[in-house]
Amino acid sequence: MKRTALLALFCLLFSAAFVASAQETKDKPMTHSMKGYLVDKMCATGMAKKAPDEAMAKAAKHTKSCALEESCFDSGYGLMSEGKWYKFDDAGDKLALGWLKKTEKKDKLDGHGYGNP
């Protein structure tokens with residue numbers, strides 16, 4: 001009987017801790033770091049269909065001039081990482097566009113030197 005009561009108490013405490021942790025996470029934005037290349041959606045669609053190594057090689061060759069073309073610009077931006085493409089939200093699209101306009105890089109748009117284009 002004591003084991004059952006202890007097990008029930010442990011489960012109750014664990015559940016309370018889990019709910020409290022979930023509430024903290026909900027109130028704080030989560031961050032996550034990834035490495036990859038800035039690519040517009042129009043070009044990334046084809047790249048993401050390839051094997052991961054090939055997709056990353058194509059993403060490295062993706063040019064600033066292409067990313068700034070009207071149809072590519074209009075499609076939005078994202079990150080090609082490990083052969084998968086992750087779409088930015090509107091705020092990320094604006095940051096990406098600002099970086100593209102300032103950077104002197106022609107390709108390998110990896111964001112290094114974001115603060116110092």
# chains A, B, ... in the order shown; residues from 1 in each chain; ligands from 1

$ residues_around --residues "A:Ala57" --least-positions-apart "4" --cutoff "12 Å" --atoms "only C-alpha atoms" --output "list in words"
Gly36, Tyr37, Ala44, Met47, Ala48, Lys50, Ala51, Pro52, Asp53, Lys61, His62, Met80, Ser81, Glu82, Gly83, Asp107, Lys108 and Leu109 of chain A

$ atom_distance --atom1 "atom CA of A:Glu69" --atom2 "atom CA of A:His32"
29.2 Å

$ residues_around --residues "A:Trp85" --least-positions-apart "6" --cutoff "10 Å" --atoms "only C-alpha atoms" --output "ChimeraX atom specification"
/A:36-41,44-45,47-49,55-56,59,77-79

$ write_last_selection --atoms "N, CA and C atoms" --output "PDB file, in the first residue's frame"
ATOM      1  N   GLY A  36      23.813  26.915 -42.342  1.00  0.00           N
ATOM      2  CA  GLY A  36      23.358  26.622 -43.686  1.00  0.00           C
ATOM      3  C   GLY A  36      23.521  27.845 -44.571  1.00  0.00           C
ATOM      4  N   TYR A  37      22.747  27.871 -45.648  1.00  0.00           N
ATOM      5  CA  TYR A  37      22.826  28.946 -46.630  1.00  0.00           C
ATOM      6  C   TYR A  37      21.468  29.595 -46.830  1.00  0.00           C
ATOM      7  N   LEU A  38      21.488  30.902 -47.009  1.00  0.00           N
ATOM      8  CA  LEU A  38      20.283  31.666 -47.302  1.00  0.00           C
ATOM      9  C   LEU A  38      19.880  31.390 -48.751  1.00  0.00           C
ATOM     10  N   VAL A  39      18.643  30.934 -48.949  1.00  0.00           N
ATOM     11  CA  VAL A  39      18.139  30.611 -50.283  1.00  0.00           C
ATOM     12  C   VAL A  39      16.677  31.057 -50.345  1.00  0.00           C
ATOM     13  N   ASP A  40      16.276  31.581 -51.487  1.00  0.00           N
ATOM     14  CA  ASP A  40      14.876  31.949 -51.679  1.00  0.00           C
ATOM     15  C   ASP A  40      14.045  30.686 -51.925  1.00  0.00           C
ATOM     16  N   LYS A  41      12.751  30.788 -51.676  1.00  0.00           N
ATOM     17  CA  LYS A  41      11.857  29.630 -51.792  1.00  0.00           C
ATOM     18  C   LYS A  41      11.817  29.079 -53.220  1.00  0.00           C
ATOM     19  N   ALA A  44      14.969  27.093 -53.666  1.00  0.00           N
ATOM     20  CA  ALA A  44      15.110  26.038 -52.655  1.00  0.00           C
ATOM     21  C   ALA A  44      14.213  24.842 -52.929  1.00  0.00           C
ATOM     22  N   THR A  45      13.086  25.066 -53.575  1.00  0.00           N
ATOM     23  CA  THR A  45      12.153  23.974 -53.855  1.00  0.00           C
ATOM     24  C   THR A  45      12.829  22.865 -54.650  1.00  0.00           C
ATOM     25  N   MET A  47      16.169  22.458 -54.985  1.00  0.00           N
ATOM     26  CA  MET A  47      17.340  21.975 -54.238  1.00  0.00           C
ATOM     27  C   MET A  47      16.956  20.922 -53.207  1.00  0.00           C
ATOM     28  N   ALA A  48      15.865  21.149 -52.510  1.00  0.00           N
ATOM     29  CA  ALA A  48      15.454  20.265 -51.420  1.00  0.00           C
ATOM     30  C   ALA A  48      15.058  18.874 -51.905  1.00  0.00           C
ATOM     31  N   LYS A  49      14.814  18.722 -53.208  1.00  0.00           N
ATOM     32  CA  LYS A  49      14.449  17.416 -53.771  1.00  0.00           C
ATOM     33  C   LYS A  49      15.675  16.543 -54.016  1.00  0.00           C
ATOM     34  N   ALA A  55      22.134  19.027 -52.420  1.00  0.00           N
ATOM     35  CA  ALA A  55      21.334  20.212 -52.092  1.00  0.00           C
ATOM     36  C   ALA A  55      22.209  21.287 -51.457  1.00  0.00           C
ATOM     37  N   MET A  56      23.103  20.877 -50.570  1.00  0.00           N
ATOM     38  CA  MET A  56      23.972  21.846 -49.911  1.00  0.00           C
ATOM     39  C   MET A  56      24.986  22.436 -50.884  1.00  0.00           C
ATOM     40  N   ALA A  59      23.091  24.968 -52.831  1.00  0.00           N
ATOM     41  CA  ALA A  59      22.804  26.131 -51.982  1.00  0.00           C
ATOM     42  C   ALA A  59      24.040  27.011 -51.829  1.00  0.00           C
ATOM     43  N   TYR A  77      12.330  33.898 -48.172  1.00  0.00           N
ATOM     44  CA  TYR A  77      13.639  33.312 -47.912  1.00  0.00           C
ATOM     45  C   TYR A  77      13.575  32.258 -46.822  1.00  0.00           C
ATOM     46  N   GLY A  78      14.651  31.495 -46.754  1.00  0.00           N
ATOM     47  CA  GLY A  78      14.777  30.485 -45.714  1.00  0.00           C
ATOM     48  C   GLY A  78      16.210  30.000 -45.647  1.00  0.00           C
ATOM     49  N   LEU A  79      16.432  28.988 -44.831  1.00  0.00           N
ATOM     50  CA  LEU A  79      17.761  28.431 -44.622  1.00  0.00           C
ATOM     51  C   LEU A  79      17.814  27.011 -45.157  1.00  0.00           C
TER      52      LEU A  79
END

$ closest_residue --among "A:Lys105, A:Trp99, A:Glu70, A:Met34" --to "A:Lys84" --atoms "only C-alpha atoms"
A:Met34

$ atom_distance --atom1 "atom CA of A:Asp93" --atom2 "atom CA of A:Lys106"
18.6 Å

$ select_by_dssp --residues "stretch 23-112 of chain A" --states "strand (DSSP E or B)" --output "JSON, numbers by chain"
{"A": [37, 38, 39, 40, 77, 78, 79, 80, 81, 84, 85, 86, 87]}

$ closest_residue --among "A:Gly111, A:Leu100, A:Lys28, A:Glu54" --to "A:Cys66" --atoms "only C-alpha atoms"
A:Leu100
